[in-house]
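A.B. asks: File input11.tsv follows (TSV, C-alpha atoms and all ligand atoms):
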chain	number	residue	atom	x	y	z
A	69	MET	CA	-2.25	24.00	-33.77
A	70	ASN	CA	-2.13	27.34	-35.50
A	71	GLU	CA	-1.13	30.65	-33.92
A	72	ALA	CA	-4.70	31.81	-33.24
A	73	GLU	CA	-5.62	28.52	-31.52
A	74	ILE	CA	-2.57	28.73	-29.22
A	75	LEU	CA	-3.29	32.37	-28.36
A	76	ASN	CA	-6.97	31.68	-27.68
A	77	GLY	CA	-6.16	28.65	-25.52
A	78	LYS	CA	-3.59	30.66	-23.56
A	79	LYS	CA	-6.07	33.51	-23.05
A	80	ALA	CA	-8.71	31.10	-21.73
A	81	ILE	CA	-6.23	29.57	-19.24
A	82	GLU	CA	-5.10	33.02	-18.08
A	83	GLU	CA	-8.68	34.22	-17.60
A	84	ARG	CA	-9.38	31.19	-15.42
A	85	TYR	CA	-6.12	30.80	-13.49
A	86	GLY	CA	-4.21	34.06	-13.91
A	87	PRO	CA	-1.03	34.71	-15.90
A	88	TRP	CA	2.12	32.54	-15.81
A	89	THR	CA	4.28	33.71	-12.92
A	90	ALA	CA	7.82	32.30	-13.35
A	91	HIS	CA	8.12	29.65	-16.04
A	92	ASN	CA	8.68	31.51	-19.27
A	93	PHE	CA	8.99	29.16	-22.22
A	94	SER	CA	8.03	28.78	-25.83
A	95	LEU	CA	4.66	27.35	-26.80
A	96	GLY	CA	5.72	27.37	-30.46
A	97	LYS	CA	4.92	29.84	-33.26
A	98	ASP	CA	6.92	32.52	-31.40
A	99	ILE	CA	4.40	32.53	-28.56
A	100	PHE	CA	5.79	32.46	-25.02
A	101	THR	CA	4.04	31.80	-21.73
A	102	MET	CA	5.24	35.20	-20.43
A	103	LYS	CA	7.46	37.24	-22.75
A	104	THR	CA	9.72	36.77	-25.78
A	105	GLU	CA	12.72	37.98	-23.73
A	106	VAL	CA	14.12	36.42	-20.54
A	107	ALA	CA	11.47	37.08	-17.90
A	108	GLY	CA	11.37	34.17	-15.49
A	109	ASP	CA	13.47	31.21	-14.34
A	110	GLU	CA	15.29	30.51	-17.61
A	111	VAL	CA	18.76	30.78	-16.03
A	112	LYS	CA	17.84	28.25	-13.35
A	113	LEU	CA	16.49	25.92	-16.04
A	114	ARG	CA	19.82	26.15	-17.89
A	115	ARG	CA	21.67	25.12	-14.70
A	116	VAL	CA	19.36	22.20	-13.94
A	117	ALA	CA	19.31	20.93	-17.54
A	118	GLN	CA	23.12	21.05	-17.68
A	119	ILE	CA	23.51	19.15	-14.39
A	120	VAL	CA	21.15	16.41	-15.56
A	121	SER	CA	22.94	16.10	-18.90
A	122	ASP	CA	26.43	16.15	-17.33
A	123	VAL	CA	25.76	13.72	-14.52
A	124	SER	CA	23.47	11.07	-15.99
A	125	ASN	CA	25.55	8.53	-17.84
A	126	ARG	CA	22.83	8.03	-20.42
A	127	PRO	CA	21.16	10.27	-23.00
A	128	VAL	CA	18.54	12.48	-21.36
A	129	GLY	CA	15.96	10.89	-23.67
A	130	ASP	CA	16.44	7.55	-21.87
A	131	LEU	CA	15.77	8.94	-18.39
A	132	HIS	CA	12.71	8.64	-16.17
A	133	ILE	CA	12.45	11.95	-14.30
A	134	LEU	CA	10.34	13.08	-11.35
A	135	ASP	CA	9.64	16.83	-11.01
A	136	LEU	CA	8.40	17.66	-7.50
A	137	ALA	CA	6.21	20.75	-7.00
A	138	CYS	CA	6.51	21.50	-10.71
A	139	LEU	CA	4.70	24.88	-10.63
A	140	GLU	CA	3.91	25.76	-14.30
A	141	GLY	CA	5.84	22.79	-15.65
A	142	MET	CA	8.85	24.37	-17.39
A	143	TYR	CA	11.39	21.77	-16.15
A	144	SER	CA	9.07	18.86	-16.95
A	145	ILE	CA	8.34	20.19	-20.40
A	146	GLU	CA	12.02	20.85	-21.14
A	147	PHE	CA	12.98	17.25	-20.29
A	148	ALA	CA	9.93	15.83	-22.03
A	149	GLN	CA	10.92	17.77	-25.15
A	150	GLN	CA	14.36	16.20	-24.86
A	151	GLY	CA	12.63	12.79	-24.93
A	152	ALA	CA	12.66	11.84	-21.23
A	153	ARG	CA	9.66	10.21	-19.56
A	154	VAL	CA	8.50	12.71	-16.93
A	155	CYS	CA	6.20	12.49	-13.93
A	156	ALA	CA	5.35	15.82	-12.30
A	157	ILE	CA	3.56	16.51	-9.03
A	158	GLU	CA	2.10	19.86	-8.06
A	159	GLY	CA	-0.31	20.83	-5.30
A	160	ARG	CA	-2.12	23.77	-6.90
A	161	LYS	CA	-4.66	23.47	-9.69
A	162	ALA	CA	-3.90	26.96	-11.03
A	163	ASN	CA	-0.28	25.93	-11.62
A	164	ILE	CA	-0.81	22.43	-12.94
A	165	GLU	CA	-3.49	23.44	-15.42
A	166	LYS	CA	-1.00	25.80	-17.07
A	167	ALA	CA	1.53	22.96	-17.26
A	168	ARG	CA	-1.05	20.58	-18.74
A	169	PHE	CA	-2.10	23.18	-21.29
A	170	ALA	CA	1.51	23.69	-22.44
A	171	ALA	CA	2.11	19.93	-22.75
A	172	GLN	CA	-1.04	19.63	-24.85
A	173	ILE	CA	-0.06	22.55	-27.12
A	174	LEU	CA	3.38	21.00	-27.61
A	175	SER	CA	1.88	17.52	-28.26
A	176	LEU	CA	3.90	15.90	-25.47
A	177	SER	CA	2.55	12.50	-24.49
A	178	ASN	CA	5.60	11.53	-22.37
A	179	VAL	CA	4.80	13.83	-19.43
A	180	ASP	CA	2.13	13.28	-16.76
A	181	PHE	CA	1.04	15.98	-14.33
A	182	TYR	CA	-0.52	14.88	-11.04
A	183	GLN	CA	-2.24	17.25	-8.64
A	184	ASP	CA	-1.08	15.97	-5.27
A	185	ASP	CA	0.75	16.92	-2.10
A	186	VAL	CA	4.46	16.01	-2.46
A	187	ARG	CA	4.33	14.72	1.11
A	188	ASN	CA	2.28	11.79	-0.31
A	189	LEU	CA	5.24	10.68	-2.42
A	190	SER	CA	5.96	6.94	-2.26
A	191	GLU	CA	7.36	4.28	-4.53
A	192	GLU	CA	4.06	2.38	-4.37
A	193	LYS	CA	2.16	5.41	-5.64
A	194	TYR	CA	4.56	6.88	-8.22
A	195	GLY	CA	7.30	4.30	-8.92
A	196	SER	CA	11.02	5.05	-8.97
A	197	PHE	CA	13.05	7.48	-11.06
A	198	ASP	CA	16.56	7.92	-12.43
A	199	VAL	CA	16.50	11.63	-11.62
A	200	VAL	CA	14.47	13.56	-9.08
A	201	LEU	CA	14.09	17.34	-9.34
A	202	CYS	CA	13.48	18.85	-5.94
A	203	LEU	CA	13.46	22.51	-6.91
A	204	GLY	CA	12.00	25.24	-4.75
A	205	ILE	CA	10.03	22.89	-2.50
A	206	LEU	CA	12.17	21.81	0.46
A	207	TYR	CA	11.92	25.22	2.13
A	208	HIS	CA	8.12	25.18	1.85
A	209	LEU	CA	7.85	22.21	4.22
A	210	ASN	CA	7.77	22.30	7.98
A	211	ALA	CA	9.51	20.04	10.49
A	212	PRO	CA	9.21	17.07	10.70
A	213	ASP	CA	7.69	16.80	7.17
A	214	LEU	CA	10.81	18.15	5.54
A	215	PHE	CA	12.86	15.30	7.04
A	216	SER	CA	10.46	12.48	6.13
A	217	PHE	CA	10.00	14.06	2.67
A	218	LEU	CA	13.74	13.78	1.96
A	219	GLU	CA	13.62	10.13	3.05
A	220	LYS	CA	10.81	9.57	0.54
A	221	VAL	CA	12.82	11.36	-2.16
A	222	PHE	CA	15.75	9.03	-1.41
A	223	ASN	CA	13.49	5.97	-1.64
A	224	VAL	CA	12.12	6.81	-5.10
A	225	CYS	CA	15.49	7.94	-6.47
A	226	ARG	CA	17.61	5.48	-8.47
A	227	SER	CA	20.52	7.73	-9.39
A	228	PHE	CA	20.57	11.38	-8.29
A	229	VAL	CA	18.54	14.33	-7.03
A	230	VAL	CA	18.93	17.99	-7.95
A	231	ILE	CA	17.95	20.20	-5.03
A	232	ASP	CA	17.51	23.93	-5.35
A	233	THR	CA	16.59	25.54	-2.07
A	234	HIS	CA	16.79	28.42	0.35
A	235	ILE	CA	19.00	27.86	3.37
A	236	SER	CA	19.30	29.61	6.68
A	237	LEU	CA	22.60	31.48	6.93
A	238	TYR	CA	22.63	31.10	10.72
A	239	PRO	CA	21.65	28.30	13.10
A	240	GLU	CA	18.83	30.08	14.93
A	241	GLU	CA	16.76	27.11	16.03
A	242	SER	CA	17.28	23.36	16.37
A	243	PHE	CA	15.03	20.58	15.12
A	244	GLN	CA	15.20	16.98	16.25
A	245	TYR	CA	14.68	14.08	13.89
A	246	ASN	CA	15.52	10.40	14.40
A	247	GLY	CA	17.57	11.25	17.47
A	248	ARG	CA	19.71	13.82	15.65
A	249	LEU	CA	19.80	17.59	15.90
A	250	TYR	CA	19.56	19.82	12.83
A	251	TRP	CA	19.79	23.60	12.71
A	252	GLY	CA	18.00	26.32	10.77
A	253	LYS	CA	15.15	28.74	11.22
A	254	THR	CA	11.36	28.90	10.99
A	255	VAL	CA	9.83	31.10	8.29
A	256	LEU	CA	6.23	32.34	8.04
A	257	GLU	CA	4.31	31.15	4.97
A	258	HIS	CA	0.76	32.18	5.82
A	259	PRO	CA	-0.15	34.63	8.60
A	260	PRO	CA	-2.70	33.42	11.18
A	261	ASN	CA	-6.33	33.56	9.99
A	262	THR	CA	-5.38	33.07	6.32
A	263	THR	CA	-8.30	31.20	4.73
A	264	VAL	CA	-7.92	28.06	2.61
A	265	GLU	CA	-8.89	30.10	-0.48
A	266	GLU	CA	-6.25	32.75	0.27
A	267	LYS	CA	-3.61	30.03	0.70
A	268	GLN	CA	-4.57	28.53	-2.67
A	269	LYS	CA	-4.08	31.90	-4.33
A	270	LYS	CA	-0.47	32.24	-3.11
A	271	LEU	CA	0.82	30.27	-6.06
A	272	TRP	CA	4.43	29.81	-4.85
A	273	ALA	CA	3.78	29.15	-1.16
A	274	SER	CA	3.33	26.07	1.02
A	275	LEU	CA	0.00	24.32	0.55
A	276	ASP	CA	-1.30	24.45	4.10
A	277	ASN	CA	1.50	24.61	6.70
A	278	PRO	CA	1.59	28.17	8.14
A	279	THR	CA	5.35	28.00	8.69
A	280	SER	CA	8.23	26.19	7.06
A	281	VAL	CA	11.85	25.46	7.89
A	282	TYR	CA	15.04	26.61	6.20
A	283	LEU	CA	17.96	24.36	7.21
A	284	THR	CA	21.50	25.68	7.40
A	285	HIS	CA	24.02	24.57	4.79
A	286	PRO	CA	25.81	22.16	7.19
A	287	SER	CA	22.55	20.70	8.49
A	288	LEU	CA	21.19	20.14	4.98
A	289	CYS	CA	24.44	18.35	4.02
A	290	CYS	CA	24.19	16.22	7.18
A	291	LEU	CA	20.57	15.36	6.49
A	292	LEU	CA	21.39	14.30	2.93
A	293	THR	CA	24.07	11.89	4.16
A	294	HIS	CA	21.85	10.66	6.99
A	295	VAL	CA	19.04	9.74	4.60
A	296	GLY	CA	21.56	7.76	2.55
A	297	PHE	CA	23.02	9.81	-0.32
A	298	THR	CA	26.66	8.78	-0.83
A	299	SER	CA	27.98	12.12	-2.13
A	300	VAL	CA	26.72	15.69	-2.30
A	301	TYR	CA	27.95	18.52	-4.56
A	302	GLU	CA	27.14	22.20	-4.81
A	303	CYS	CA	26.74	23.73	-8.26
A	304	HIS	CA	28.41	27.04	-9.18
A	305	ILE	CA	28.51	26.68	-12.98
A	306	PRO	CA	26.35	27.20	-15.01
A	307	GLU	CA	26.22	30.48	-13.14
A	308	GLU	CA	23.12	32.15	-11.78
A	309	PRO	CA	24.31	35.71	-11.16
A	310	GLU	CA	21.10	36.83	-9.50
A	311	LYS	CA	20.93	33.91	-7.05
A	312	PRO	CA	20.77	35.22	-3.48
A	313	GLU	CA	23.40	34.25	-0.93
A	314	ASN	CA	20.90	32.08	0.93
A	315	ARG	CA	20.02	29.89	-2.05
A	316	VAL	CA	21.94	26.83	-3.24
A	317	THR	CA	21.79	24.11	-5.87
A	318	PHE	CA	22.90	20.70	-4.59
A	319	LEU	CA	23.42	17.49	-6.47
A	320	ALA	CA	22.95	14.45	-4.20
A	321	ILE	CA	24.02	11.11	-5.61
A	322	LYS	CA	22.62	7.77	-4.53
A	323	GLY	CA	25.65	5.59	-5.12
A	324	LYS	CA	27.19	2.69	-3.29
A	325	ASN	CA	29.44	3.21	-0.29
A	326	GLU	CA	32.95	2.44	-1.46
A	327	ASN	CA	35.44	0.45	0.60
A	328	LEU	CA	38.98	1.78	0.56
A	329	ALA	CA	41.55	-0.72	-0.65
A	330	THR	CA	44.54	1.14	0.77
A	331	CYS	CA	43.25	2.49	4.10
A	332	PRO	CA	41.29	-0.18	5.96
A	333	GLN	CA	41.95	1.76	9.19
A	334	LEU	CA	39.27	4.27	8.14
A	335	GLN	CA	36.02	2.81	9.36
A	336	LYS	CA	33.27	2.51	6.79
A	337	ASN	CA	30.91	4.66	8.84
A	338	TYR	CA	33.53	7.34	9.58
A	339	ALA	CA	31.74	10.70	9.55
A	340	ARG	CA	32.76	14.13	10.68
A	341	GLU	CA	29.81	16.13	11.91
A	342	PHE	CA	29.63	19.44	10.06
A	343	LYS	CA	30.32	22.51	12.13
A	344	GLU	CA	27.51	25.05	12.39
A	345	ALA	CA	28.50	28.70	12.04
A	346	PHE	CA	27.23	30.00	15.38
A	347	PRO	CA	27.72	33.80	15.39
A	348	GLN	CA	30.16	33.71	18.33
A	349	ASP	CA	32.40	31.23	16.41
A	350	ASN	CA	32.98	33.85	13.75
A	351	ARG	CA	34.70	36.28	16.08
A	352	LYS	CA	38.42	36.17	15.46
A	353	LYS	CA	40.36	35.17	18.53
A	354	VAL	CA	43.29	37.60	18.64
A	355	PRO	CA	45.66	37.20	21.58
A	356	SER	CA	45.56	40.43	23.59
A	357	VAL	CA	48.92	42.22	23.89
A	358	ARG	CA	49.78	44.41	26.89
A	359	PRO	CA	50.91	48.03	26.09
A	360	GLY	CA	54.49	47.38	27.40
A	361	TRP	CA	54.92	44.44	25.07
A	362	ARG	CA	53.47	46.49	22.22
A	363	ILE	CA	56.16	49.19	22.64
A	364	LEU	CA	58.88	46.54	22.87
A	365	GLY	CA	57.41	44.98	19.74
A	366	MET	CA	57.69	48.27	17.87
A	367	LEU	CA	61.40	48.51	18.75
A	368	LEU	CA	62.30	44.93	17.76
A	369	PRO	CA	63.37	44.08	14.21
A	370	HIS	CA	60.44	42.29	12.58
A	371	ARG	CA	62.29	39.00	12.03
A	372	LEU	CA	62.92	38.69	15.73
A	373	LYS	CA	59.29	39.74	16.37
A	374	ASP	CA	58.07	36.94	14.11
A	375	LEU	CA	60.23	34.41	15.89
A	376	LEU	CA	58.97	35.53	19.33
A	377	LYS	CA	55.35	35.41	18.13
A	378	ARG	CA	55.84	31.85	16.90
A	379	ILE	CA	57.30	30.76	20.22
A	380	LEU	CA	54.75	32.57	22.39
A	381	PHE	CA	51.57	31.89	20.44
A	382	SER	CA	52.61	28.67	18.63
A	383	VAL	CA	51.52	30.04	15.22
A	401	LIG	C1	8.60	28.37	-5.23
A	401	LIG	S1	7.56	27.34	-6.22
A	401	LIG	C2	8.84	26.40	-7.04
A	401	LIG	C3	8.32	25.57	-8.14
A	401	LIG	C4	9.26	24.92	-9.13
A	401	LIG	N1	9.68	23.61	-8.68
A	401	LIG	C5	10.44	25.76	-9.48
A	401	LIG	O1	11.55	25.49	-9.02
A	401	LIG	O2	10.27	26.72	-10.21
A	401	LIG	C6	6.91	26.22	-5.03
A	401	LIG	C7	5.87	25.27	-5.62
A	401	LIG	O3	5.60	24.24	-4.69
A	401	LIG	C8	4.21	23.99	-4.67
A	401	LIG	N2	3.95	23.35	-3.38
A	401	LIG	C9	4.17	23.87	-2.15
A	401	LIG	N3	3.93	22.94	-1.20
A	401	LIG	C10	3.54	21.82	-1.86
A	401	LIG	C11	3.16	20.51	-1.44
A	401	LIG	N4	3.14	20.18	-0.15
A	401	LIG	N5	2.81	19.61	-2.38
A	401	LIG	C12	2.83	19.94	-3.69
A	401	LIG	N6	3.20	21.15	-4.15
A	401	LIG	C13	3.54	22.07	-3.25
A	401	LIG	C14	3.59	25.35	-4.89
A	401	LIG	O4	2.27	25.24	-5.32
A	401	LIG	C15	4.55	25.92	-5.94
A	401	LIG	O5	4.18	25.50	-7.22
Starting from the coordinates I provided, produce the structure as structure tokens.
Ligand SMILES: C[S@@+](CC[C@H](N)C(=O)[O-])C[C@H]1O[C@@H](n2cnc3c(N)ncnc32)[C@H](O)[C@@H]1O
C.D. replies:
Amino acid sequence: MNEAEILNGKKAIEERYGPWTAHNFSLGKDIFTMKTEVAGDEVKLRRVAQIVSDVSNRPVGDLHILDLACLEGMYSIEFAQQGARVCAIEGRKANIEKARFAAQILSLSNVDFYQDDVRNLSEEKYGSFDVVLCLGILYHLNAPDLFSFLEKVFNVCRSFVVIDTHISLYPEESFQYNGRLYWGKTVLEHPPNTTVEEKQKKLWASLDNPTSVYLTHPSLCCLLTHVGFTSVYECHIPEEPEKPENRVTFLAIKGKNENLATCPQLQKNYAREFKEAFPQDNRKKVPSVRPGWRILGMLLPHRLKDLLKRILFSV
């Protein structure tokens, strides 16, 4: 395709579905979906691409990858350009048509875009995958969908999942699933009386659920182990300097539970429940000191003071 054809095709897509909103990538011939400089999620793409390359023990080109809620398709197209076979699911036509257009311009026949609700994910419908990308979608689901969705992700995953998500910094509300309690908070996606058309136009939001759930860091870790992942890691490098405090990238590996050769006393199902950071737990417990003791303390040489403190407060 020559430059004019790409530009005309892009213009037609933008007139119909609006401009690209976050996935800024090259369509060839020095034409970008958004801008020639960094303007969207390029730094997040670098992180995700590095994780996949570092963790998969095969060349990326040999992988079968699932991209959930793919938006405008940048992750799918990156991995397809690296030779992987990619299946992408996205709920909104306006997003998926941009992704399809880019794949066509770049002559990629190894990526398929399906317009569907990610809650319909199943092995029967989509097959199984070496790598699952679960980026920016978990926090758009409500309870209990978010829990059953992660079970479905586990079922279709053969090796590992990359999760990029918002978390709740405090345990404000509890949610029950399969007899267990998880903590987080409820977030508004669409105010009451929002019409179906208005919801469709909010290109980054949940499809239909008016609220969604952000889990806390400990609860998300617990949920990942409860659905069956054998180890979970948090990514810090490659860095994302602009990432907010309440956003994390997790790598969850579907391995096999190892038996310890040296410590059979540790039961196979040994698990320590993660501690939630309830606000009152954060207050430092300082033993109160009466004024008389304080004056005596000031007069004592500090070595003797240290010794007394150790005896009295067992520190
Ligand atoms: C914040 S964007 C993130 C997209 C992309 N994965 C990324 O990380 O850049 C959320 C995307 O999820 C899509 N989405 C939300 N709920 C969905 C659902 N139930 N099924 C399919 N797509 C959904 C939205 O249309 C939007 O494209």
A.B. asks: State, in Å with one decimal place, the distance from atom CA of Met142 of chain A to atom CA of His91 of chain A.
C.D. replies: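 Taking atom CA of Met142 of chain A and atom CA of His91 of chain A, their separation equals 5.5 Å.
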A.B. asks: Looking at A:Lys161, A:Phe147, A:Asp198, A:Phe93, which one is nearest to Asn125 of chain A, with distances taken over all atoms listed in the file?
C.D. replies: A:Asp198
A.B. asks: Between A:Ser242, A:Leu291, A:Thr284, A:Glu73, which is the closest to Leu214 of chain A once you count all atoms listed in the file?
C.D. replies: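 Among A:Ser242, A:Leu291, A:Thr284, A:Glu73, it is A:Leu291 that comes nearest to Leu214 of chain A.
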A.B. asks: Determine, for each residue of segment 115-198 of chain A having at least one atom at most 9 Å from an atom of segment 315-335 of chain A, the closest pair of atoms and their separation in Å to one decimal, counting all atoms listed in the file; order by chain and ascending number, as a tab-separated table.
C.D. replies:
residue	atom	partner	partner_atom	distance
A:Arg115	CA	A:Thr317	CA	8.9
A:Val116	CA	A:Thr317	CA	8.6
A:Ile119	CA	A:Leu319	CA	8.1
A.B. asks: Skipping near chain neighbours, those fewer than 2 positions away, what residues fall within 12 Å of segment 97-106 of chain A using only C-alpha atoms, listed as a VMD selection string?
C.D. replies: chain A and resid 69 to 79 81 to 82 86 to 95 108 to 113 140 to 142 166 to 167 169 to 170 173 to 174
A.B. asks: What residues of the protein or nucleic acid chains come within 7 Å of ligand LIG 401 (chain A) when you use all atoms listed in the file? Reply as a PyMOL selection string.
C.D. replies: chain A and resi 90-91+109+136-139+157-160+163+184-187+202-205+208-209+271-275
A.B. asks: Report, in Å to a single decimal, how far apart atom CA of Val281 of chain A and atom CA of Pro239 of chain A are.
C.D. replies: 11.5 Å
A.B. asks: Some atoms are absent from segment 83-105 of chain A, so rebuild N, CA and C atoms and return them as a PDB file, keeping the file's coordinate frame.
C.D. replies:
ATOM      1  N   GLU A  83      -7.449  33.648 -18.176  1.00  0.00           N
ATOM      2  CA  GLU A  83      -8.680  34.220 -17.600  1.00  0.00           C
ATOM      3  C   GLU A  83      -9.134  33.390 -16.398  1.00  0.00           C
ATOM      4  N   ARG A  84      -8.911  32.077 -16.496  1.00  0.00           N
ATOM      5  CA  ARG A  84      -9.380  31.190 -15.420  1.00  0.00           C
ATOM      6  C   ARG A  84      -8.407  31.143 -14.247  1.00  0.00           C
ATOM      7  N   TYR A  85      -7.099  31.054 -14.561  1.00  0.00           N
ATOM      8  CA  TYR A  85      -6.120  30.800 -13.490  1.00  0.00           C
ATOM      9  C   TYR A  85      -5.094  31.914 -13.285  1.00  0.00           C
ATOM     10  N   GLY A  86      -5.190  32.978 -14.032  1.00  0.00           N
ATOM     11  CA  GLY A  86      -4.210  34.060 -13.910  1.00  0.00           C
ATOM     12  C   GLY A  86      -3.019  33.829 -14.835  1.00  0.00           C
ATOM     13  N   PRO A  87      -2.162  34.844 -14.976  1.00  0.00           N
ATOM     14  CA  PRO A  87      -1.030  34.710 -15.900  1.00  0.00           C
ATOM     15  C   PRO A  87       0.048  33.785 -15.362  1.00  0.00           C
ATOM     16  N   TRP A  88       0.938  33.315 -16.238  1.00  0.00           N
ATOM     17  CA  TRP A  88       2.120  32.540 -15.810  1.00  0.00           C
ATOM     18  C   TRP A  88       2.983  33.456 -14.929  1.00  0.00           C
ATOM     19  N   THR A  89       3.603  32.872 -13.914  1.00  0.00           N
ATOM     20  CA  THR A  89       4.280  33.710 -12.920  1.00  0.00           C
ATOM     21  C   THR A  89       5.805  33.609 -12.931  1.00  0.00           C
ATOM     22  N   ALA A  90       6.349  32.484 -13.418  1.00  0.00           N
ATOM     23  CA  ALA A  90       7.820  32.300 -13.350  1.00  0.00           C
ATOM     24  C   ALA A  90       8.390  31.461 -14.477  1.00  0.00           C
ATOM     25  N   HIS A  91       7.591  30.560 -15.013  1.00  0.00           N
ATOM     26  CA  HIS A  91       8.120  29.650 -16.040  1.00  0.00           C
ATOM     27  C   HIS A  91       7.829  30.201 -17.427  1.00  0.00           C
ATOM     28  N   ASN A  92       8.838  30.857 -17.967  1.00  0.00           N
ATOM     29  CA  ASN A  92       8.680  31.510 -19.270  1.00  0.00           C
ATOM     30  C   ASN A  92       9.290  30.636 -20.349  1.00  0.00           C
ATOM     31  N   PHE A  93       8.455  30.038 -21.173  1.00  0.00           N
ATOM     32  CA  PHE A  93       8.990  29.160 -22.220  1.00  0.00           C
ATOM     33  C   PHE A  93       8.110  29.225 -23.467  1.00  0.00           C
ATOM     34  N   SER A  94       8.689  28.679 -24.531  1.00  0.00           N
ATOM     35  CA  SER A  94       8.030  28.780 -25.830  1.00  0.00           C
ATOM     36  C   SER A  94       6.910  27.754 -25.974  1.00  0.00           C
ATOM     37  N   LEU A  95       5.775  28.243 -26.482  1.00  0.00           N
ATOM     38  CA  LEU A  95       4.660  27.350 -26.800  1.00  0.00           C
ATOM     39  C   LEU A  95       4.618  27.071 -28.294  1.00  0.00           C
ATOM     40  N   GLY A  96       5.677  27.511 -29.004  1.00  0.00           N
ATOM     41  CA  GLY A  96       5.720  27.370 -30.460  1.00  0.00           C
ATOM     42  C   GLY A  96       5.162  28.603 -31.139  1.00  0.00           C
ATOM     43  N   LYS A  97       5.428  28.717 -32.439  1.00  0.00           N
ATOM     44  CA  LYS A  97       4.920  29.840 -33.260  1.00  0.00           C
ATOM     45  C   LYS A  97       5.271  31.192 -32.641  1.00  0.00           C
ATOM     46  N   ASP A  98       6.454  31.269 -32.011  1.00  0.00           N
ATOM     47  CA  ASP A  98       6.920  32.520 -31.400  1.00  0.00           C
ATOM     48  C   ASP A  98       6.006  33.045 -30.280  1.00  0.00           C
ATOM     49  N   ILE A  99       5.264  32.136 -29.688  1.00  0.00           N
ATOM     50  CA  ILE A  99       4.400  32.530 -28.560  1.00  0.00           C
ATOM     51  C   ILE A  99       5.031  31.989 -27.284  1.00  0.00           C
ATOM     52  N   PHE A 100       5.177  32.846 -26.290  1.00  0.00           N
ATOM     53  CA  PHE A 100       5.790  32.460 -25.020  1.00  0.00           C
ATOM     54  C   PHE A 100       4.748  32.531 -23.906  1.00  0.00           C
ATOM     55  N   THR A 101       4.988  31.764 -22.852  1.00  0.00           N
ATOM     56  CA  THR A 101       4.040  31.800 -21.730  1.00  0.00           C
ATOM     57  C   THR A 101       4.000  33.198 -21.104  1.00  0.00           C
ATOM     58  N   MET A 102       5.208  33.865 -21.054  1.00  0.00           N
ATOM     59  CA  MET A 102       5.240  35.200 -20.430  1.00  0.00           C
ATOM     60  C   MET A 102       5.662  36.262 -21.431  1.00  0.00           C
ATOM     61  N   LYS A 103       6.935  36.189 -21.861  1.00  0.00           N
ATOM     62  CA  LYS A 103       7.460  37.240 -22.750  1.00  0.00           C
ATOM     63  C   LYS A 103       8.449  36.618 -23.724  1.00  0.00           C
ATOM     64  N   THR A 104       8.741  37.307 -24.805  1.00  0.00           N
ATOM     65  CA  THR A 104       9.720  36.770 -25.780  1.00  0.00           C
ATOM     66  C   THR A 104      11.151  36.929 -25.256  1.00  0.00           C
ATOM     67  N   GLU A 105      11.376  37.856 -24.317  1.00  0.00           N
ATOM     68  CA  GLU A 105      12.720  37.980 -23.730  1.00  0.00           C
ATOM     69  C   GLU A 105      12.764  37.231 -22.390  1.00  0.00           C
TER      70      GLU A 105
END
